[in-house]
Structure formats: C-alpha cells, structure tokens
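Note: the block below is model_13.pdb and it holds PDB, C-alpha atoms.
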```pdb
MODEL        1
ATOM      1  CA  MET A   7     131.392 184.894 128.022
ATOM      2  CA  PRO A   8     127.825 183.533 128.516
ATOM      3  CA  PHE A   9     127.966 182.234 124.949
ATOM      4  CA  ARG A  10     131.302 180.560 125.606
ATOM      5  CA  ARG A  11     130.007 178.946 128.824
ATOM      6  CA  SER A  12     126.954 177.728 126.926
ATOM      7  CA  CYS A  13     129.176 176.159 124.269
ATOM      8  CA  VAL A  14     131.308 174.470 126.908
ATOM      9  CA  ARG A  15     128.213 173.095 128.664
ATOM     10  CA  TRP A  16     126.837 171.845 125.346
ATOM     11  CA  LEU A  17     130.153 170.166 124.510
ATOM     12  CA  LEU A  18     130.300 168.436 127.907
ATOM     13  CA  ALA A  19     126.721 167.246 127.524
ATOM     14  CA  ALA A  20     127.491 165.900 124.073
ATOM     15  CA  VAL A  21     130.549 164.048 125.332
ATOM     16  CA  ALA A  22     128.495 162.574 128.182
ATOM     17  CA  ALA A  23     125.776 161.479 125.757
ATOM     18  CA  VAL A  24     128.325 159.787 123.497
ATOM     19  CA  ALA A  25     129.852 158.009 126.512
ATOM     20  CA  VAL A  26     126.425 156.698 127.564
ATOM     21  CA  VAL A  27     125.785 155.400 124.056
ATOM     22  CA  LEU A  28     129.181 153.685 123.944
ATOM     23  CA  LEU A  29     128.659 152.085 127.341
ATOM     24  CA  ALA A  30     125.216 150.867 126.329
ATOM     25  CA  SER A  31     126.702 149.468 123.137
ATOM     26  CA  CYS A  32     129.370 147.616 125.077
ATOM     27  CA  ALA A  33     126.772 146.146 127.400
ATOM     28  CA  ALA A  34     124.625 144.976 124.486
ATOM     29  CA  HIS A  35     127.540 143.664 122.466
ATOM     30  CA  PRO A  36     130.209 142.242 124.803
ATOM     31  CA  GLN A  37     133.764 142.570 123.598
ATOM     32  CA  TRP A  38     134.743 139.075 122.572
ATOM     33  CA  GLN A  39     138.213 137.832 123.404
ATOM     34  CA  LEU A  40     137.884 135.308 120.558
ATOM     35  CA  ASP A  41     137.233 135.828 116.830
ATOM     36  CA  ASP A  42     133.593 136.649 116.113
ATOM     37  CA  VAL A  43     132.418 134.568 113.129
ATOM     38  CA  GLN A  44     128.701 135.223 113.426
ATOM     39  CA  GLY A  45     127.296 135.537 109.918
ATOM     40  CA  HIS A  46     130.508 134.229 108.344
ATOM     41  CA  LEU A  47     130.135 130.493 108.987
ATOM     42  CA  PRO A  48     127.026 128.317 108.536
ATOM     43  CA  ASP A  49     124.916 126.796 111.294
ATOM     44  CA  LEU A  50     125.942 123.463 112.768
ATOM     45  CA  LYS A  51     124.817 120.679 110.428
ATOM     46  CA  PHE A  52     126.017 117.082 110.123
ATOM     47  CA  SER A  53     124.950 113.442 110.154
ATOM     48  CA  MET A  54     127.608 111.177 111.663
ATOM     49  CA  THR A  55     128.277 108.371 114.157
ATOM     50  CA  ASN A  56     129.308 109.026 117.756
ATOM     51  CA  ASP A  57     131.872 107.117 119.822
ATOM     52  CA  LEU A  58     129.155 104.764 121.083
ATOM     53  CA  GLY A  59     128.291 103.718 117.544
ATOM     54  CA  GLN A  60     125.039 105.696 117.507
ATOM     55  CA  PRO A  61     123.878 107.877 114.591
ATOM     56  CA  VAL A  62     123.789 111.549 115.596
ATOM     57  CA  THR A  63     123.019 114.853 113.904
ATOM     58  CA  ALA A  64     123.394 118.484 114.869
ATOM     59  CA  ALA A  65     119.868 118.310 116.288
ATOM     60  CA  THR A  66     121.119 115.774 118.858
ATOM     61  CA  TYR A  67     123.048 118.589 120.546
ATOM     62  CA  ARG A  68     120.465 121.356 120.151
ATOM     63  CA  GLY A  69     120.138 123.166 123.479
ATOM     64  CA  LYS A  70     123.835 122.664 124.257
ATOM     65  CA  VAL A  71     126.732 125.006 123.560
ATOM     66  CA  VAL A  72     128.927 123.060 121.141
ATOM     67  CA  LEU A  73     132.683 123.252 120.584
ATOM     68  CA  LEU A  74     133.664 121.553 117.315
ATOM     69  CA  TYR A  75     137.225 120.382 116.734
ATOM     70  CA  PHE A  76     138.840 118.308 113.959
ATOM     71  CA  GLY A  77     141.668 115.959 114.943
ATOM     72  CA  TYR A  78     142.733 112.327 115.287
ATOM     73  CA  THR A  79     143.706 109.960 118.059
ATOM     74  CA  HIS A  80     147.258 109.313 116.815
ATOM     75  CA  CYS A  81     148.037 113.040 116.838
ATOM     76  CA  PRO A  82     151.353 113.449 118.672
ATOM     77  CA  ASP A  83     150.847 116.905 120.144
ATOM     78  CA  VAL A  84     148.209 119.497 119.306
ATOM     79  CA  CYS A  85     145.126 117.244 119.709
ATOM     80  CA  PRO A  86     145.874 115.910 123.199
ATOM     81  CA  LEU A  87     147.029 119.349 124.346
ATOM     82  CA  THR A  88     143.839 120.946 123.014
ATOM     83  CA  LEU A  89     141.607 118.372 124.691
ATOM     84  CA  VAL A  90     143.433 118.827 127.996
ATOM     85  CA  HIS A  91     142.957 122.575 127.545
ATOM     86  CA  LEU A  92     139.216 122.173 126.960
ATOM     87  CA  HIS A  93     138.897 119.742 129.864
ATOM     88  CA  THR A  94     140.437 122.383 132.140
ATOM     89  CA  VAL A  95     137.939 124.965 130.888
ATOM     90  CA  LEU A  96     135.022 122.600 131.521
ATOM     91  CA  GLN A  97     136.310 121.863 135.007
ATOM     92  CA  LYS A  98     136.445 125.574 135.807
ATOM     93  CA  MET A  99     132.859 126.018 134.589
ATOM     94  CA  GLY A 100     131.562 123.670 137.260
ATOM     95  CA  LYS A 101     127.930 122.574 136.909
ATOM     96  CA  ALA A 102     127.428 124.909 133.928
ATOM     97  CA  ALA A 103     129.689 122.640 131.860
ATOM     98  CA  ASP A 104     126.875 120.081 131.717
ATOM     99  CA  ASP A 105     125.324 122.314 129.048
ATOM    100  CA  VAL A 106     128.474 122.165 126.891
ATOM    101  CA  ARG A 107     129.564 119.445 124.479
ATOM    102  CA  VAL A 108     132.934 119.156 122.756
ATOM    103  CA  LEU A 109     132.602 117.315 119.434
ATOM    104  CA  PHE A 110     135.900 115.756 118.355
ATOM    105  CA  VAL A 111     135.616 114.899 114.645
ATOM    106  CA  THR A 112     138.234 112.424 113.485
ATOM    107  CA  VAL A 113     140.085 113.166 110.252
ATOM    108  CA  ASP A 114     141.563 109.655 110.328
ATOM    109  CA  PRO A 115     138.580 107.281 110.152
ATOM    110  CA  ALA A 116     140.699 104.331 109.000
ATOM    111  CA  ARG A 117     142.459 104.088 112.374
ATOM    112  CA  ASP A 118     139.919 105.892 114.553
ATOM    113  CA  THR A 119     137.294 103.196 114.848
ATOM    114  CA  VAL A 120     134.361 103.703 117.209
ATOM    115  CA  PRO A 121     136.014 101.820 120.138
ATOM    116  CA  VAL A 122     139.308 103.685 119.620
ATOM    117  CA  LEU A 123     137.512 107.036 119.547
ATOM    118  CA  HIS A 124     135.514 106.206 122.675
ATOM    119  CA  GLN A 125     138.564 105.203 124.681
ATOM    120  CA  TYR A 126     140.434 108.297 123.526
ATOM    121  CA  VAL A 127     137.865 111.041 124.172
ATOM    122  CA  THR A 128     136.561 109.666 127.454
ATOM    123  CA  ALA A 129     140.109 109.617 128.792
ATOM    124  CA  PHE A 130     139.988 113.429 128.664
ATOM    125  CA  ASP A 131     136.427 114.283 129.710
ATOM    126  CA  PRO A 132     132.967 112.644 129.621
ATOM    127  CA  ARG A 133     131.566 115.765 127.920
ATOM    128  CA  ILE A 134     133.817 115.205 124.906
ATOM    129  CA  VAL A 135     132.112 113.199 122.166
ATOM    130  CA  GLY A 136     133.986 111.488 119.349
ATOM    131  CA  LEU A 137     132.432 111.673 115.883
ATOM    132  CA  THR A 138     133.267 109.629 112.806
ATOM    133  CA  GLY A 139     131.724 108.780 109.458
ATOM    134  CA  THR A 140     132.606 107.908 105.908
ATOM    135  CA  ARG A 141     135.492 109.723 104.280
ATOM    136  CA  GLY A 142     132.942 111.657 102.256
ATOM    137  CA  GLU A 143     130.943 112.730 105.317
ATOM    138  CA  ILE A 144     134.057 113.904 107.130
ATOM    139  CA  ALA A 145     135.325 115.767 104.057
ATOM    140  CA  GLN A 146     131.942 117.446 103.621
ATOM    141  CA  LEU A 147     131.837 118.611 107.236
ATOM    142  CA  ALA A 148     135.422 119.896 107.076
ATOM    143  CA  LYS A 149     134.650 121.797 103.876
ATOM    144  CA  ARG A 150     131.538 123.325 105.459
ATOM    145  CA  TYR A 151     133.702 124.936 108.159
ATOM    146  CA  ARG A 152     136.803 125.517 106.017
ATOM    147  CA  ALA A 153     138.872 123.043 108.023
ATOM    148  CA  PHE A 154     141.942 121.536 106.365
ATOM    149  CA  TYR A 155     143.417 118.063 106.769
ATOM    150  CA  LYS A 156     145.735 115.866 104.737
ATOM    151  CA  PRO A 157     147.181 112.408 105.515
ATOM    152  CA  GLU A 158     150.942 112.413 105.042
ATOM    153  CA  THR A 159     153.160 109.746 103.489
ATOM    154  CA  PRO A 160     153.773 106.817 105.867
ATOM    155  CA  LYS A 161     156.903 107.346 107.934
ATOM    156  CA  ASP A 162     158.052 103.722 108.066
ATOM    157  CA  LYS A 163     157.421 100.195 106.805
ATOM    158  CA  ALA A 164     154.824  99.717 109.506
ATOM    159  CA  GLY A 165     152.678 102.260 107.694
ATOM    160  CA  ASP A 166     152.502 104.764 110.555
ATOM    161  CA  TYR A 167     151.569 108.230 109.328
ATOM    162  CA  ASP A 168     150.601 111.703 110.532
ATOM    163  CA  VAL A 169     147.646 113.782 109.414
ATOM    164  CA  THR A 170     148.275 117.486 108.952
ATOM    165  CA  HIS A 171     145.168 119.388 110.036
ATOM    166  CA  SER A 172     143.952 122.826 111.058
ATOM    167  CA  SER A 173     143.333 123.335 114.764
ATOM    168  CA  ALA A 174     140.487 125.831 115.056
ATOM    169  CA  ILE A 175     137.867 125.359 117.778
ATOM    170  CA  TYR A 176     134.411 126.394 116.543
ATOM    171  CA  VAL A 177     131.913 127.642 119.132
ATOM    172  CA  PHE A 178     128.191 127.247 118.405
ATOM    173  CA  ASP A 179     125.330 128.548 120.532
ATOM    174  CA  ARG A 180     122.362 126.532 121.800
ATOM    175  CA  GLU A 181     120.527 127.096 118.515
ATOM    176  CA  GLY A 182     123.438 125.697 116.514
ATOM    177  CA  ARG A 183     124.605 129.058 115.168
ATOM    178  CA  ALA A 184     128.316 129.641 114.637
ATOM    179  CA  ARG A 185     129.454 132.363 117.049
ATOM    180  CA  LEU A 186     133.164 132.310 117.757
ATOM    181  CA  LEU A 187     136.465 130.819 116.711
ATOM    182  CA  ALA A 188     139.108 129.827 119.243
ATOM    183  CA  THR A 189     142.533 128.247 118.820
ATOM    184  CA  PRO A 190     144.608 125.956 121.043
ATOM    185  CA  GLY A 191     146.472 129.120 122.024
ATOM    186  CA  SER A 192     143.354 130.886 123.327
ATOM    187  CA  THR A 193     143.521 131.391 127.081
ATOM    188  CA  ASN A 194     141.265 129.627 129.559
ATOM    189  CA  ASP A 195     139.775 132.977 130.557
ATOM    190  CA  ALA A 196     138.976 133.900 126.947
ATOM    191  CA  ILE A 197     137.160 130.608 126.320
ATOM    192  CA  LEU A 198     135.419 130.741 129.704
ATOM    193  CA  HIS A 199     134.160 134.252 128.986
ATOM    194  CA  ALA A 200     132.899 133.191 125.558
ATOM    195  CA  LEU A 201     131.102 130.092 126.845
ATOM    196  CA  ASP A 202     129.523 132.050 129.676
ATOM    197  CA  VAL A 203     128.033 134.654 127.333
ATOM    198  CA  VAL A 204     127.077 132.220 124.570
ATOM    199  CA  SER A 205     125.445 129.822 127.034
ATOM    200  CA  LYS A 206     123.166 132.624 128.251
ATOM    201  CA  ALA A 207     122.116 133.606 124.736
ATOM    202  CA  THR A 208     118.639 132.796 123.446
ATOM    203  CA  SER A 209     117.133 132.963 119.994
ATOM    204  CA  ASN A 210     115.848 136.440 120.886
ATOM    205  CA  VAL A 211     119.254 137.829 121.819
ATOM    206  CA  VAL A 212     121.711 139.173 119.253
ATOM    207  CA  LEU A 213     125.297 138.996 120.501
TER
ENDMDL
END
```

Any chance you could put this one into structure tokens?
Amino acid sequence: MPFRRSCVRWLLAAVAAVAVVLLASCAAHPQWQLDDVQGHLPDLKFSMTNDLGQPVTAATYRGKVVLLYFGYTHCPDVCPLTLVHLHTVLQKMGKAADDVRVLFVTVDPARDTVPVLHQYVTAFDPRIVGLTGTRGEIAQLAKRYRAFYKPETPKDKAGDYDVTHSSAIYVFDREGRARLLATPGSTNDAILHALDVVSKATSNVVL
C-alpha cells in the first residue's frame, strides 16, 4: 500500500509538472487564430510608389505593423469588402491603430493611377496606403509572397475587364518579418488578437 500511494503521488506530481510546462508554453507562444507563416515567407521588401506619388520601400514602414494586400480599385466585391473589414478592425484598435499600416498593392496599374489609388484607399481609412509600380515591380512583389493575379478578357467593347487575384492578407511585424496570414473571412477578433500580439513584439521576442 505505501508503494502504491507513492506511485500515485509521483504520477500526480508528474501530471502537475506537465501541466505547468504546457501552460508556460502557451504563455510564451500564444495560440494564433490566423495561419502562422513565420519562417515560411520572406521579410517585407519592395521599392514602389505610394498613392501620393512618392517613392517608398519596406524601410519606410519599419516600426509599424504592416498588413499587405493585393487588389485593384475596379474590383466589384472582395477588395472593397476586405478594406471595410480592415477599417473596422483599425477602428476597434483605437489609438493603437496609429502603429498599423495597410498596404494596398494594385494588380491593375494601367487603370489604378496614383490619383485613382489615393481617392480609393483614403475613402476607406487614412491608414490604408495605395502602392503601385511598373508591371515588373508588381509581378516581382506578388511572386515574392506567392500572390496570384491575372487580368481577364475584356467583357465589352468599352474594354472593361476584371482581374482575378488571390485575397490573402499578410501580417508583418515592426521589423518587417512575415508573421501571419489572414483572409477576408477571418473574424475581427482573430485579426485584432493577432495585431495586438504582433504589435507588442520586439526583435528580442520569438512569437
């Protein structure tokens, strides 16, 4: 009997120790509600033109949490819905949203001129920045983050056309490292949680 009691006590202690380790692990590595892409996608890197006609690079936004999204201003549905979604998230963040930038990269540079981009993105939120460039620059950036886009055949004699494109939202930390991947279907709470944790990260913290 003493031996059995000793075994039971040892088993309970072991279970308690494992629980402590698991809790500590959860505290150190928060359970993301979005897809963790750390180590699977490269750091933020580009050289483009913003919606004010100014040359910008990834370094321009160093120190900010960046959400990168590929789309176009003539998009009939997913782009405006996504930007409204992100605007709502930024509104809920309050003052903390000043440290976040949404970079809207056009995949339709022929129609999305600098003035068109500026009018479009600022209609949603002042923290959304439109980015454009040459076809080659846009293609290179899309390839870097495995984003897909393809202009379709014009629908009518006027030459109006759609651009099929992927709709991932890439989340980068203040150091420009790729952290998470959201979609237009991700909930406000999931994105809020991600931005809260990523915004508090430093170069000395491994998430």

- Task: Decode the PyMOL selection byres ((chain A and resi 104) around 12) for the given file into explicit residues and return them as a ChimeraX atom specification.
- Result: /A:67,69-72,96-103,105-108,131-134,201,205

- Task: For the structure provided, state which residues fall under the PyMOL selection byres ((chain A and resi 198) around 10), and present them as a PyMOL selection string.
- Result: chain A and resi 39+92+95-96+98-99+193-197+199-204

- Message: Between atom CA of A:Leu186 and atom CA of A:Ser173, what is the distance in Å, rounded to a tenth?
- Response: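 Between atom CA of A:Leu186 and atom CA of A:Ser173 the gap is 13.9 Å.
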
Sort by chain and increasing residue number a table of all residues of stretch 54-158 of chain A within 12 Å of stretch 44-50 of chain A, each with its closest pair of atoms and their distance in Å to one decimal, counting only C-alpha atoms, and write it as JSON lines.
```
{"residue": "A:Thr63", "atom": "CA", "partner": "A:Leu50", "partner_atom": "CA", "distance": 9.2}
{"residue": "A:Ala64", "atom": "CA", "partner": "A:Leu50", "partner_atom": "CA", "distance": 6.0}
{"residue": "A:Ala65", "atom": "CA", "partner": "A:Leu50", "partner_atom": "CA", "distance": 8.7}
{"residue": "A:Thr66", "atom": "CA", "partner": "A:Leu50", "partner_atom": "CA", "distance": 10.9}
{"residue": "A:Tyr67", "atom": "CA", "partner": "A:Leu50", "partner_atom": "CA", "distance": 9.6}
{"residue": "A:Arg68", "atom": "CA", "partner": "A:Leu50", "partner_atom": "CA", "distance": 9.4}
{"residue": "A:Lys70", "atom": "CA", "partner": "A:Leu50", "partner_atom": "CA", "distance": 11.7}
{"residue": "A:Val71", "atom": "CA", "partner": "A:Leu50", "partner_atom": "CA", "distance": 10.9}
{"residue": "A:Val72", "atom": "CA", "partner": "A:Leu50", "partner_atom": "CA", "distance": 8.9}
{"residue": "A:Leu73", "atom": "CA", "partner": "A:Leu50", "partner_atom": "CA", "distance": 10.3}
{"residue": "A:Leu74", "atom": "CA", "partner": "A:Leu50", "partner_atom": "CA", "distance": 9.2}
{"residue": "A:Leu109", "atom": "CA", "partner": "A:Leu50", "partner_atom": "CA", "distance": 11.3}
{"residue": "A:Leu147", "atom": "CA", "partner": "A:Leu50", "partner_atom": "CA", "distance": 9.4}
{"residue": "A:Ala148", "atom": "CA", "partner": "A:Leu50", "partner_atom": "CA", "distance": 11.6}
{"residue": "A:Lys149", "atom": "CA", "partner": "A:Leu47", "partner_atom": "CA", "distance": 11.1}
{"residue": "A:Arg150", "atom": "CA", "partner": "A:Pro48", "partner_atom": "CA", "distance": 7.4}
{"residue": "A:Tyr151", "atom": "CA", "partner": "A:Leu47", "partner_atom": "CA", "distance": 6.7}
{"residue": "A:Arg152", "atom": "CA", "partner": "A:Leu47", "partner_atom": "CA", "distance": 8.8}
{"residue": "A:Ala153", "atom": "CA", "partner": "A:Leu47", "partner_atom": "CA", "distance": 11.5}
```

- Closest to A:Val169 among A:Val122, A:Val62, A:Val113, A:Val90, using all atoms listed in the file?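 The answer is A:Val113, which sits nearest to A:Val169.
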
- Message: Rounded to one decimal, what separation in Å do you get between atom CA of A:Glu158 and atom CA of A:Val135?
- Response: 25.5 Å

- Nearest to A:Arg180, restricted to all atoms listed in the file and choosing among A:Lys206, A:Leu58, A:Ala145, A:His91, comes out as A:Lys206

- Task: Please write as a PyMOL selection string the list of polymer residues whose atoms come within 8 Å of (127.4, 110.0, 116.6), counting all atoms listed in the file and keeping to the coordinates of the file.
- Result: chain A and resi 53-63+135-138

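The list of residues with at least one atom within 12 Å of A:Arg117, based on all atoms listed in the file and without residues fewer than 6 positions apart in the same chain, reads Tyr78, Thr79, His80, Cys81, Leu123, Thr138, Pro157, Gly165, Asp166, Tyr167, Asp168 and Val169 of chain A.
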
Could you write stretch 129-153 of chain A as a CSV table (one decimal), in the frame of the given file, with N, CA and C atoms rebuilt where they are missing?
```
chain,number,residue,atom,x,y,z
A,129,ALA,N,138.9,109.5,127.9
A,129,ALA,CA,140.1,109.6,128.8
A,129,ALA,C,140.3,111.1,129.2
A,130,PHE,N,139.8,112.0,128.4
A,130,PHE,CA,140.0,113.4,128.7
A,130,PHE,C,138.8,114.0,129.5
A,131,ASP,N,137.6,113.7,129.0
A,131,ASP,CA,136.4,114.3,129.7
A,131,ASP,C,135.2,113.6,129.2
A,132,PRO,N,134.2,113.3,130.1
A,132,PRO,CA,133.0,112.6,129.6
A,132,PRO,C,132.1,113.5,128.8
A,133,ARG,N,132.4,114.8,128.8
A,133,ARG,CA,131.6,115.8,127.9
A,133,ARG,C,132.2,116.0,126.5
A,134,ILE,N,133.2,115.2,126.2
A,134,ILE,CA,133.8,115.2,124.9
A,134,ILE,C,133.3,114.0,124.1
A,135,VAL,N,132.7,114.3,123.0
A,135,VAL,CA,132.1,113.2,122.2
A,135,VAL,C,132.9,113.0,120.9
A,136,GLY,N,133.3,111.8,120.6
A,136,GLY,CA,134.0,111.5,119.3
A,136,GLY,C,133.0,111.3,118.2
A,137,LEU,N,133.3,111.8,117.1
A,137,LEU,CA,132.4,111.7,115.9
A,137,LEU,C,133.2,111.1,114.7
A,138,THR,N,132.6,110.2,114.0
A,138,THR,CA,133.3,109.6,112.8
A,138,THR,C,132.2,109.4,111.7
A,139,GLY,N,132.6,109.0,110.6
A,139,GLY,CA,131.7,108.8,109.5
A,139,GLY,C,132.5,108.3,108.3
A,140,THR,N,131.9,108.3,107.1
A,140,THR,CA,132.6,107.9,105.9
A,140,THR,C,133.6,109.0,105.6
A,141,ARG,N,134.5,108.7,104.7
A,141,ARG,CA,135.5,109.7,104.3
A,141,ARG,C,134.8,110.9,103.7
A,142,GLY,N,133.7,110.6,102.9
A,142,GLY,CA,132.9,111.7,102.3
A,142,GLY,C,132.2,112.5,103.3
A,143,GLU,N,131.7,112.0,104.3
A,143,GLU,CA,130.9,112.7,105.3
A,143,GLU,C,131.9,113.6,106.1
A,144,ILE,N,133.1,113.1,106.4
A,144,ILE,CA,134.1,113.9,107.1
A,144,ILE,C,134.6,115.0,106.2
A,145,ALA,N,134.8,114.7,105.0
A,145,ALA,CA,135.3,115.8,104.1
A,145,ALA,C,134.3,116.9,103.9
A,146,GLN,N,133.0,116.5,103.8
A,146,GLN,CA,131.9,117.4,103.6
A,146,GLN,C,131.8,118.4,104.8
A,147,LEU,N,131.9,117.8,106.0
A,147,LEU,CA,131.8,118.6,107.2
A,147,LEU,C,133.0,119.6,107.3
A,148,ALA,N,134.2,119.1,107.0
A,148,ALA,CA,135.4,119.9,107.1
A,148,ALA,C,135.3,121.0,106.1
A,149,LYS,N,134.8,120.7,104.9
A,149,LYS,CA,134.6,121.8,103.9
A,149,LYS,C,133.6,122.8,104.3
A,150,ARG,N,132.6,122.4,105.0
A,150,ARG,CA,131.5,123.3,105.5
A,150,ARG,C,132.1,124.4,106.4
A,151,TYR,N,133.1,124.0,107.2
A,151,TYR,CA,133.7,124.9,108.2
A,151,TYR,C,135.2,125.3,107.8
A,152,ARG,N,135.5,125.1,106.5
A,152,ARG,CA,136.8,125.5,106.0
A,152,ARG,C,138.0,124.9,106.8
A,153,ALA,N,137.8,123.7,107.3
A,153,ALA,CA,138.9,123.0,108.0
A,153,ALA,C,139.7,122.3,107.0
```
